[in-house]
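In what follows, a single structure is set out as structure tokens and then discussed.
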Amino acid sequence: GGVVSLQSGIRRCTSRQDQQAFARLDKHNDRTISLQDLMEVYSAAEHDDVRSGRKTEAEVVGEFAALWDRNGDAVITEDDFIAYYKDISAGIDNDAYFALMLRNAWQLSDEKHKTWAATC
């Protein structure tokens, strides 16, 4: 089917980049990301809903986490995280640009890939 063939053509560089990003978020090295883990690296203090008092930081971070939590158990596994970014990568034509996006989003260091034109 369409989804299987689309997923089989996923970027060659996403696995390594996704794993680096996941490791950055996995603060306790237990192969999961909890809401607390996310709150240690992602601040929602400047989010409009937090600043206006409509939501707490935990609520905003929880909504962010829900993007990755495929089964709704409030625990993000590496499989959940990688599946999310595989879906995102399918809409980006350039492998190196996708790798750059991940590195910038999660502040990953990669000396080999300084520019978006680099190959993965």
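We label chains A, B, ... in the order they appear in the structure tokens, count residues from 1 in each chain, and number ligands from 1 in the order shown.
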
Near Ala65 in chain A, counting only C-alpha atoms, which residues have an atom at most 12 Å away, once you skip same-chain residues fewer than 3 positions from it, shown as a PyMOL selection string? chain A and resi 25+32-39+42+58-62+68-77+80-81+84

For N, CA and C atoms, I'd like the residues from the last selection saved as a CSV table (one decimal), in the first residue's frame.
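part.csv written:
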```csv
chain,number,residue,atom,x,y,z
A,25,LEU,N,16.8,14.2,24.6
A,25,LEU,CA,15.6,14.3,25.4
A,25,LEU,C,15.5,13.3,26.5
A,32,THR,N,13.0,6.2,27.3
A,32,THR,CA,11.7,6.8,27.3
A,32,THR,C,11.8,8.3,27.6
A,33,ILE,N,10.9,9.0,27.1
A,33,ILE,CA,10.8,10.5,27.4
A,33,ILE,C,9.5,10.7,28.2
A,34,SER,N,9.7,11.3,29.4
A,34,SER,CA,8.5,11.6,30.2
A,34,SER,C,8.2,13.1,30.0
A,35,LEU,N,7.1,13.5,30.5
A,35,LEU,CA,6.7,14.9,30.5
A,35,LEU,C,7.8,15.7,31.3
A,36,GLN,N,8.3,15.2,32.4
A,36,GLN,CA,9.3,15.8,33.2
A,36,GLN,C,10.6,16.0,32.4
A,37,ASP,N,11.0,14.9,31.6
A,37,ASP,CA,12.2,15.0,30.7
A,37,ASP,C,12.0,16.2,29.8
A,38,LEU,N,10.9,16.3,29.1
A,38,LEU,CA,10.7,17.3,28.2
A,38,LEU,C,10.7,18.7,28.9
A,39,MET,N,10.2,18.8,30.0
A,39,MET,CA,10.2,20.1,30.7
A,39,MET,C,11.6,20.5,31.1
A,42,TYR,N,12.7,21.8,27.3
A,42,TYR,CA,11.7,22.6,26.5
A,42,TYR,C,11.0,23.5,27.5
A,58,ALA,N,3.1,23.0,32.0
A,58,ALA,CA,3.0,21.6,31.9
A,58,ALA,C,1.9,21.2,30.9
A,59,GLU,N,0.8,22.0,30.8
A,59,GLU,CA,-0.2,21.7,29.8
A,59,GLU,C,0.3,21.9,28.4
A,60,VAL,N,1.0,23.0,28.2
A,60,VAL,CA,1.6,23.2,26.9
A,60,VAL,C,2.6,22.2,26.5
A,61,VAL,N,3.5,21.8,27.4
A,61,VAL,CA,4.5,20.8,27.1
A,61,VAL,C,3.8,19.4,26.9
A,62,GLY,N,2.7,19.2,27.6
A,62,GLY,CA,1.9,17.9,27.5
A,62,GLY,C,1.3,17.9,26.1
A,68,TRP,N,4.0,13.1,19.7
A,68,TRP,CA,4.8,11.9,19.6
A,68,TRP,C,4.2,10.7,20.2
A,69,ASP,N,3.4,10.8,21.2
A,69,ASP,CA,2.9,9.7,22.0
A,69,ASP,C,1.8,9.0,21.3
A,70,ARG,N,2.1,8.0,20.5
A,70,ARG,CA,1.2,7.3,19.6
A,70,ARG,C,0.1,6.6,20.4
A,71,ASN,N,0.3,6.1,21.6
A,71,ASN,CA,-0.7,5.3,22.3
A,71,ASN,C,-1.3,6.0,23.4
A,72,GLY,N,-0.9,7.2,23.7
A,72,GLY,CA,-1.6,8.0,24.7
A,72,GLY,C,-1.3,7.7,26.1
A,73,ASP,N,-0.1,7.0,26.3
A,73,ASP,CA,0.2,6.5,27.7
A,73,ASP,C,1.1,7.5,28.5
A,74,ALA,N,1.3,8.7,27.9
A,74,ALA,CA,2.1,9.7,28.5
A,74,ALA,C,3.6,9.4,28.6
A,75,VAL,N,4.0,8.4,27.9
A,75,VAL,CA,5.4,8.0,27.8
A,75,VAL,C,5.8,7.9,26.3
A,76,ILE,N,6.8,8.6,25.9
A,76,ILE,CA,7.3,8.6,24.5
A,76,ILE,C,8.4,7.7,24.4
A,77,THR,N,8.2,6.6,23.6
A,77,THR,CA,9.3,5.7,23.4
A,77,THR,C,10.1,6.2,22.2
A,80,ASP,N,8.1,5.7,19.1
A,80,ASP,CA,7.1,6.8,19.0
A,80,ASP,C,7.8,8.0,18.3
A,81,PHE,N,8.9,8.4,18.9
A,81,PHE,CA,9.6,9.6,18.4
A,81,PHE,C,10.1,9.4,17.0
A,84,TYR,N,7.2,9.6,14.4
A,84,TYR,CA,6.8,10.9,14.2
A,84,TYR,C,7.7,11.6,13.2
```

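Interatomic distance, CA of Tyr85 in chain A against CA of Ala66 in chain A: 13.6 Å.
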
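Between CA of Val41 in chain A and CA of Ile92 in chain A there is a distance of 25.5 Å.
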